[in-house]
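Shown below: upload25.cif, with mmCIF, C-alpha atoms and all ligand atoms.
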```cif
data_upload
#
loop_
_atom_site.label_atom_id
_atom_site.label_comp_id
_atom_site.auth_asym_id
_atom_site.auth_seq_id
_atom_site.Cartn_x
_atom_site.Cartn_y
_atom_site.Cartn_z
CA MET Q 399 -11.98 5.89 15.07
CA SER Q 400 -9.21 3.47 14.19
CA VAL Q 401 -7.73 3.56 10.71
CA LEU Q 402 -9.02 0.04 10.07
CA ALA Q 403 -12.57 0.98 11.10
CA ALA Q 404 -12.40 3.96 8.73
CA TRP Q 405 -11.02 1.77 5.95
CA GLU Q 406 -13.84 -0.76 6.45
CA ARG Q 407 -16.34 2.06 5.83
CA ALA Q 408 -14.33 3.85 3.15
CA ALA Q 409 -15.63 4.56 -0.31
CA PRO Q 410 -13.35 3.68 -3.22
CA GLN Q 411 -10.54 6.16 -3.57
CA PRO Q 412 -6.96 6.63 -4.69
CA LEU Q 413 -4.28 6.09 -2.08
CA TRP Q 414 -0.94 7.88 -2.37
CA LEU Q 415 2.16 5.75 -1.78
CA ILE Q 416 5.20 7.75 -0.71
CA ASP Q 417 8.69 6.32 -1.18
CA PRO Q 418 10.75 8.43 1.24
CA ASP Q 419 13.83 8.10 -0.98
CA ARG Q 420 11.87 9.86 -3.72
CA MET Q 421 9.83 12.41 -1.75
CA PRO Q 422 12.15 15.16 -0.49
CA LEU Q 423 10.79 16.74 2.67
CA GLU Q 424 11.05 20.21 1.09
CA GLN Q 425 8.44 19.15 -1.47
CA TYR Q 426 6.25 17.18 0.92
CA PRO Q 427 4.00 19.93 2.41
CA ALA Q 428 2.83 21.14 -1.01
CA ALA Q 429 2.43 17.60 -2.34
CA ALA Q 430 0.43 16.53 0.72
CA HIS Q 431 -1.71 19.67 0.54
CA ALA Q 432 -2.56 18.96 -3.12
CA TYR Q 433 -3.61 15.40 -2.25
CA ILE Q 434 -5.70 16.49 0.76
CA GLU Q 435 -7.41 19.26 -1.21
CA ALA Q 436 -8.40 16.74 -3.88
CA GLY Q 437 -9.93 14.46 -1.22
CA GLY Q 438 -7.01 12.29 -0.09
CA ARG Q 439 -7.36 10.99 3.46
CA TRP Q 440 -4.34 8.75 4.07
CA ALA Q 441 -0.90 8.15 2.58
CA LEU Q 442 1.05 4.92 2.60
CA VAL Q 443 4.77 5.23 3.34
CA GLY Q 444 7.35 2.60 2.48
CA SER Q 445 9.41 0.95 -0.22
CA SER Q 446 10.83 -2.42 -1.11
CA PHE Q 447 14.26 -0.89 -0.61
CA LEU Q 448 15.43 2.42 0.85
CA ALA Q 449 19.00 3.41 -0.03
CA ARG Q 450 19.24 6.96 1.26
CA THR Q 451 16.54 7.70 3.82
CA SER Q 452 15.67 6.64 7.35
CA LEU Q 453 11.96 5.93 7.23
CA HIS Q 454 11.57 6.85 10.89
CA LEU Q 455 13.30 10.22 10.52
CA TRP Q 456 11.29 10.95 7.37
CA CYS Q 457 7.97 10.21 9.13
CA GLN Q 458 9.00 12.20 12.20
CA ALA Q 459 9.70 15.26 10.04
CA ALA Q 460 6.69 14.76 7.73
CA ARG Q 461 4.27 14.70 10.65
CA LYS Q 462 5.34 18.19 11.59
CA LEU Q 463 4.82 19.40 8.04
CA SER Q 464 1.33 18.09 7.24
CA PRO Q 465 -1.71 16.67 9.08
CA LEU Q 466 -2.04 13.90 6.47
CA PRO Q 467 -2.33 10.54 8.30
CA LEU Q 468 0.55 8.20 7.45
CA ILE Q 469 0.17 4.42 7.22
CA LEU Q 470 3.31 2.31 7.08
CA PHE Q 471 3.64 -0.07 4.14
CA PRO Q 472 6.99 -1.54 5.21
CA GLY Q 473 9.37 -3.28 2.86
CA SER Q 474 11.47 -4.54 5.75
CA ILE Q 475 11.77 -4.52 9.52
CA LEU Q 476 13.95 -1.42 9.20
CA GLN Q 477 10.88 0.48 8.04
CA VAL Q 478 9.05 0.97 11.32
CA SER Q 479 8.39 4.14 13.28
CA PRO Q 480 6.12 5.28 16.10
CA GLU Q 481 5.48 8.48 14.12
CA VAL Q 482 2.62 7.03 12.06
CA ASP Q 483 -1.09 6.42 12.44
CA ALA Q 484 -1.02 2.69 11.68
CA ILE Q 485 1.04 -0.05 10.10
CA LEU Q 486 0.03 -2.61 7.50
CA PHE Q 487 1.30 -5.78 9.17
CA LEU Q 488 2.06 -7.58 5.94
CA PHE Q 489 1.73 -11.34 5.66
CA LEU Q 490 3.37 -12.14 2.34
CA ALA Q 491 0.94 -14.96 1.66
CA SER Q 492 1.89 -15.44 -1.97
CA GLY Q 493 5.52 -16.10 -1.01
CA ARG Q 494 7.20 -18.92 0.85
CA ASN Q 495 9.94 -16.92 2.55
CA PRO Q 496 9.47 -17.45 6.29
CA HIS Q 497 10.99 -14.06 7.12
CA TYR Q 498 8.07 -12.34 5.38
CA LEU Q 499 5.52 -14.78 6.79
CA ILE Q 500 6.48 -14.66 10.50
CA GLY Q 501 10.20 -13.94 11.10
CA GLY Q 502 10.16 -10.18 10.68
CA HIS Q 503 6.84 -9.94 12.50
CA VAL Q 504 8.31 -11.46 15.66
CA GLU Q 505 11.23 -9.04 15.50
CA VAL Q 506 9.11 -5.87 15.30
CA ALA Q 507 6.10 -6.94 17.39
CA PRO Q 508 7.60 -5.80 20.74
CA LEU Q 509 8.32 -2.33 19.34
CA LEU Q 510 4.79 -1.97 17.97
CA TYR Q 511 3.40 -3.08 21.33
CA GLN Q 512 5.58 -0.61 23.20
CA TRP Q 513 4.59 2.23 20.87
CA GLY Q 514 0.89 1.33 20.87
CA THR Q 515 0.85 1.49 17.08
CA GLU Q 516 -2.39 0.50 15.38
CA VAL Q 517 -1.64 -2.76 13.60
CA ILE Q 518 -3.67 -3.71 10.51
CA PRO Q 519 -3.29 -7.43 9.69
CA THR Q 520 -2.92 -7.49 5.92
CA THR Q 521 -2.64 -10.34 3.45
CA TYR Q 522 -0.18 -9.30 0.74
CA LEU Q 523 -0.64 -10.95 -2.64
CA LEU Q 524 2.06 -10.44 -5.22
CA VAL Q 525 0.64 -11.08 -8.68
CA GLY Q 526 2.55 -11.75 -11.87
CA THR Q 527 4.35 -9.17 -13.91
CA ASP Q 528 6.45 -9.58 -17.01
CA HIS Q 529 9.76 -8.63 -15.41
CA THR Q 530 11.50 -8.70 -12.05
CA ARG Q 531 10.63 -5.86 -9.67
CA SER Q 532 12.42 -4.86 -6.46
CA VAL Q 533 9.82 -6.68 -4.36
CA HIS Q 534 10.65 -10.00 -6.04
CA TYR Q 535 14.37 -9.54 -5.59
CA ILE Q 536 14.23 -8.34 -1.99
CA THR Q 537 11.66 -10.82 -0.69
CA HIS Q 538 12.69 -13.81 -2.84
CA SER Q 539 9.04 -14.26 -3.73
CA LEU Q 540 7.51 -15.66 -6.85
CA PRO Q 541 4.34 -13.87 -7.94
CA ILE Q 542 1.06 -15.69 -8.45
CA PRO Q 543 0.43 -16.25 -12.17
CA PRO Q 544 -1.93 -13.47 -13.32
CA ASP Q 545 -4.08 -15.87 -15.33
CA LYS Q 546 -4.88 -18.00 -12.26
CA PRO Q 547 -7.49 -16.06 -10.27
CA GLU Q 548 -8.38 -19.26 -8.45
CA LEU Q 549 -4.85 -19.32 -6.99
CA VAL Q 550 -5.19 -15.69 -5.94
CA GLN Q 551 -8.53 -16.57 -4.33
CA ALA Q 552 -7.06 -19.56 -2.47
CA THR Q 553 -4.15 -17.49 -1.18
CA ALA Q 554 -6.42 -14.65 -0.08
CA LEU Q 555 -8.77 -17.06 1.67
CA ALA Q 556 -5.86 -18.53 3.61
CA GLY Q 557 -4.97 -15.06 4.85
CA LEU Q 558 -8.56 -14.26 5.77
CA TYR Q 559 -8.94 -17.59 7.60
CA LEU Q 560 -5.85 -16.59 9.59
CA GLY Q 561 -7.78 -13.54 10.75
CA GLN Q 562 -6.37 -10.87 8.47
CA ARG Q 563 -8.55 -7.85 7.77
CA VAL Q 564 -7.25 -6.28 4.55
CA LEU Q 565 -6.09 -7.67 1.19
CA TYR Q 566 -3.28 -5.94 -0.71
CA VAL Q 567 -2.92 -7.06 -4.33
CA ASP Q 568 0.35 -5.81 -5.80
CA ALA Q 569 2.08 -6.15 -9.15
CA GLY Q 570 5.17 -4.46 -7.68
CA SER Q 571 6.22 -0.85 -7.85
CA GLY Q 572 6.65 0.38 -11.41
CA ALA Q 573 5.13 -2.77 -12.90
CA SER Q 574 4.42 -2.52 -16.60
CA VAL Q 575 1.15 -4.43 -16.16
CA PRO Q 576 -1.09 -3.62 -13.16
CA PRO Q 577 -3.19 -6.31 -11.46
CA ALA Q 578 -6.07 -7.33 -13.73
CA PRO Q 579 -9.63 -6.27 -12.85
CA SER Q 580 -10.66 -9.93 -13.19
CA VAL Q 581 -8.41 -10.79 -10.24
CA ILE Q 582 -10.06 -8.09 -8.11
CA THR Q 583 -13.53 -9.30 -9.16
CA ALA Q 584 -12.59 -12.82 -8.07
CA LEU Q 585 -11.50 -11.54 -4.66
CA ARG Q 586 -14.49 -9.26 -4.19
CA GLN Q 587 -16.76 -12.30 -4.73
CA LEU Q 588 -15.18 -13.81 -1.61
CA THR Q 589 -15.08 -10.97 0.89
CA SER Q 590 -16.17 -7.49 1.86
CA VAL Q 591 -12.85 -6.54 3.50
CA PRO Q 592 -10.94 -3.54 2.09
CA ILE Q 593 -9.01 -4.50 -1.04
CA VAL Q 594 -5.94 -2.39 -1.81
CA VAL Q 595 -4.55 -2.67 -5.35
CA GLY Q 596 -1.27 -1.30 -6.61
CA GLY Q 597 1.63 -1.66 -8.97
CA GLY Q 598 1.91 0.08 -12.32
CA ILE Q 599 -1.28 2.15 -12.10
CA ARG Q 600 -0.61 5.40 -13.93
CA ASP Q 601 -3.91 6.74 -15.23
CA PRO Q 602 -7.45 7.32 -13.94
CA GLU Q 603 -9.03 4.94 -16.45
CA THR Q 604 -7.00 1.99 -15.17
CA ALA Q 605 -7.89 2.98 -11.61
CA ALA Q 606 -11.57 3.19 -12.55
CA SER Q 607 -11.54 -0.32 -14.01
CA LEU Q 608 -10.12 -1.62 -10.70
CA TRP Q 609 -12.71 0.26 -8.63
CA GLN Q 610 -15.47 -1.12 -10.85
CA ALA Q 611 -14.07 -4.60 -10.18
CA GLY Q 612 -14.31 -4.06 -6.42
CA ALA Q 613 -11.09 -2.40 -5.29
CA THR Q 614 -11.40 -0.14 -2.26
CA PHE Q 615 -8.10 1.67 -2.68
CA VAL Q 616 -6.07 2.07 -5.83
CA VAL Q 617 -2.47 2.88 -4.95
CA ILE Q 618 -0.54 5.44 -6.95
CA GLY Q 619 3.17 5.64 -6.21
CA THR Q 620 5.66 5.72 -9.07
CA ALA Q 621 3.39 7.88 -11.26
CA THR Q 622 3.65 10.70 -8.71
CA GLU Q 623 7.44 10.60 -8.48
CA ALA Q 624 8.75 12.23 -11.66
CA LYS Q 625 6.76 15.34 -10.74
CA PRO Q 626 4.59 15.41 -7.60
CA PHE Q 627 0.89 15.32 -8.46
CA SER Q 628 -0.95 18.64 -8.32
CA ARG Q 629 -4.45 18.92 -6.89
CA SER Q 630 -5.88 18.68 -10.42
CA ASP Q 631 -3.79 15.56 -11.16
CA TRP Q 632 -5.37 13.89 -8.12
CA GLU Q 633 -8.81 15.18 -9.03
CA THR Q 634 -8.68 13.31 -12.35
CA PHE Q 635 -8.47 10.11 -10.28
CA PHE Q 636 -11.06 11.11 -7.67
CA ALA Q 637 -13.46 12.11 -10.47
CA LEU Q 638 -13.65 8.49 -11.65
CA CYS Q 639 -14.26 6.92 -8.22
CA PRO Q 640 -17.63 5.16 -8.29
CA SER Q 641 -19.04 7.17 -5.37
CA SER Q 642 -17.62 10.59 -6.36
C1 LIG H 1 3.93 -0.85 -5.01
O1 LIG H 1 1.56 -1.02 -4.99
C2 LIG H 1 2.63 -0.15 -4.94
O2 LIG H 1 4.11 -1.75 -3.96
C3 LIG H 1 2.51 1.00 -5.91
O3 LIG H 1 3.04 0.74 -7.18
O4 LIG H 1 4.74 2.53 -7.52
O5 LIG H 1 3.79 1.28 -9.47
O6 LIG H 1 2.40 2.93 -8.23
P1 LIG H 1 3.51 1.92 -8.15
#
```
Before anything else, please render the file you have as structure tokens.
Amino acid sequence: MSVLAAWERAAPQPLWLIDPDRMPLEQYPAAAHAYIEAGGRWALVGSSFLARTSLHLWCQAARKLSPLPLILFPGSILQVSPEVDAILFLFLASGRNPHYLIGGHVEVAPLLYQWGTEVIPTTYLLVGTDHTRSVHYITHSLPIPPDKPELVQATALAGLYLGQRVLYVDAGSGASVPPAPSVITALRQLTSVPIVVGGGIRDPETAASLWQAGATFVVIGTATEAKPFSRSDWETFFALCPSS
């Protein structure tokens, strides 16, 4: 089954985001095992900016160390690799930078075709935070004001009308304020496609409020970086999933 088909059937769950600059390969097998044992089924891999690590080489090595399926969440066209199970083909719908709307896509499309990579067309919605995150700086994108769910809805609809199959609502890595449940409720009223929510989610209660609002996947990245999550850390999140 394709990753997208599995995602379209998936129950709400936490989704681990790995920043290869911050996940040394020596620690990866144990960290992946803890996540899998708790119920984790996929990991996202990517970052707004990688300073030290080749994403391709990291994925190539990681695949030999764990069976955990890897899904690319690329911050740039440098972050592609055939050593993954799928790629989120991100349409930065909330921005107006043509490179993140079509330019980068044209540059990497031939490689993805050649590799036969599963491509998941994804509408990426950056929502407001109270300070600048790497994603704003790198993509030159303004976030959608968080108190304007109707603007988030309009932007998401545009992506869906363009044929995209997944919505990713992001407050940016390390955001002090995660996306509001009301924003997710507004999107869930429009569509049954998988909704991925991330940015600043650090505790199971916040994740639960987003699942209750209609999120399919709640992304946890930065919170796992100071010390990789143990199985019991992940289980505190899985325990609050609506279907668990
Ligand atoms: C960032 O949505 C992701 O693009 C995850 O954010 O690192 O804050 O968990 P965090």
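Separating atom CA of Ala552 of chain Q from atom CA of Pro496 of chain Q is a distance of 18.8 Å.
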- segment 478-485 of chain Q environment, 7 Å, all atoms listed in the file, sequence neighbours closer than 2 positions dropped, as a ChimeraX atom specification: /Q:401,454,457-458,467-472,475-476,487,513,515-518
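Atom to atom, atom CA of Leu558 of chain Q and atom O1 of ligand LIG 1 (chain H) stand 19.8 Å apart.
A straight line drawn from atom CA of Gln512 of chain Q to atom CA of Ala441 of chain Q is 23.3 Å long.
Residues with any atom within 9 Å of Ala436 of chain Q, counting only C-alpha atoms and excluding same-chain neighbours fewer than 5 positions away, are His431, Ser628, Arg629, Ser630, Asp631, Trp632, Glu633 and Phe636 of chain Q.
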- Task: Mind checking which residues fall within 10 Å of Leu523 of chain Q, counting only C-alpha atoms, ignoring those fewer than 2 positions away in the same chain, and posting them as a list in words?
- Result: Leu488, Phe489, Leu490, Ala491, Ser492, Gly493, Thr520, Thr521, Val525, Gly526, Pro541, Ile542, Val550, Gln551, Thr553, Ala554, Gly557, Leu565, Tyr566, Val567, Asp568, Ala569 and Val595 of chain Q
Based on the selection just made, write C-alpha atoms of those residues as an mmCIF file, in the coordinates of the input.
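Produced file selection_33.cif, reproduced below:
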```cif
data_model
loop_
_atom_site.group_PDB
_atom_site.id
_atom_site.type_symbol
_atom_site.label_atom_id
_atom_site.label_comp_id
_atom_site.auth_asym_id
_atom_site.auth_seq_id
_atom_site.Cartn_x
_atom_site.Cartn_y
_atom_site.Cartn_z
ATOM 1 C CA LEU Q 488 2.060 -7.580 5.940
ATOM 2 C CA PHE Q 489 1.730 -11.340 5.660
ATOM 3 C CA LEU Q 490 3.370 -12.140 2.340
ATOM 4 C CA ALA Q 491 0.940 -14.960 1.660
ATOM 5 C CA SER Q 492 1.890 -15.440 -1.970
ATOM 6 C CA GLY Q 493 5.520 -16.100 -1.010
ATOM 7 C CA THR Q 520 -2.920 -7.490 5.920
ATOM 8 C CA THR Q 521 -2.640 -10.340 3.450
ATOM 9 C CA VAL Q 525 0.640 -11.080 -8.680
ATOM 10 C CA GLY Q 526 2.550 -11.750 -11.870
ATOM 11 C CA PRO Q 541 4.340 -13.870 -7.940
ATOM 12 C CA ILE Q 542 1.060 -15.690 -8.450
ATOM 13 C CA VAL Q 550 -5.190 -15.690 -5.940
ATOM 14 C CA GLN Q 551 -8.530 -16.570 -4.330
ATOM 15 C CA THR Q 553 -4.150 -17.490 -1.180
ATOM 16 C CA ALA Q 554 -6.420 -14.650 -0.080
ATOM 17 C CA GLY Q 557 -4.970 -15.060 4.850
ATOM 18 C CA LEU Q 565 -6.090 -7.670 1.190
ATOM 19 C CA TYR Q 566 -3.280 -5.940 -0.710
ATOM 20 C CA VAL Q 567 -2.920 -7.060 -4.330
ATOM 21 C CA ASP Q 568 0.350 -5.810 -5.800
ATOM 22 C CA ALA Q 569 2.080 -6.150 -9.150
ATOM 23 C CA VAL Q 595 -4.550 -2.670 -5.350
#
```
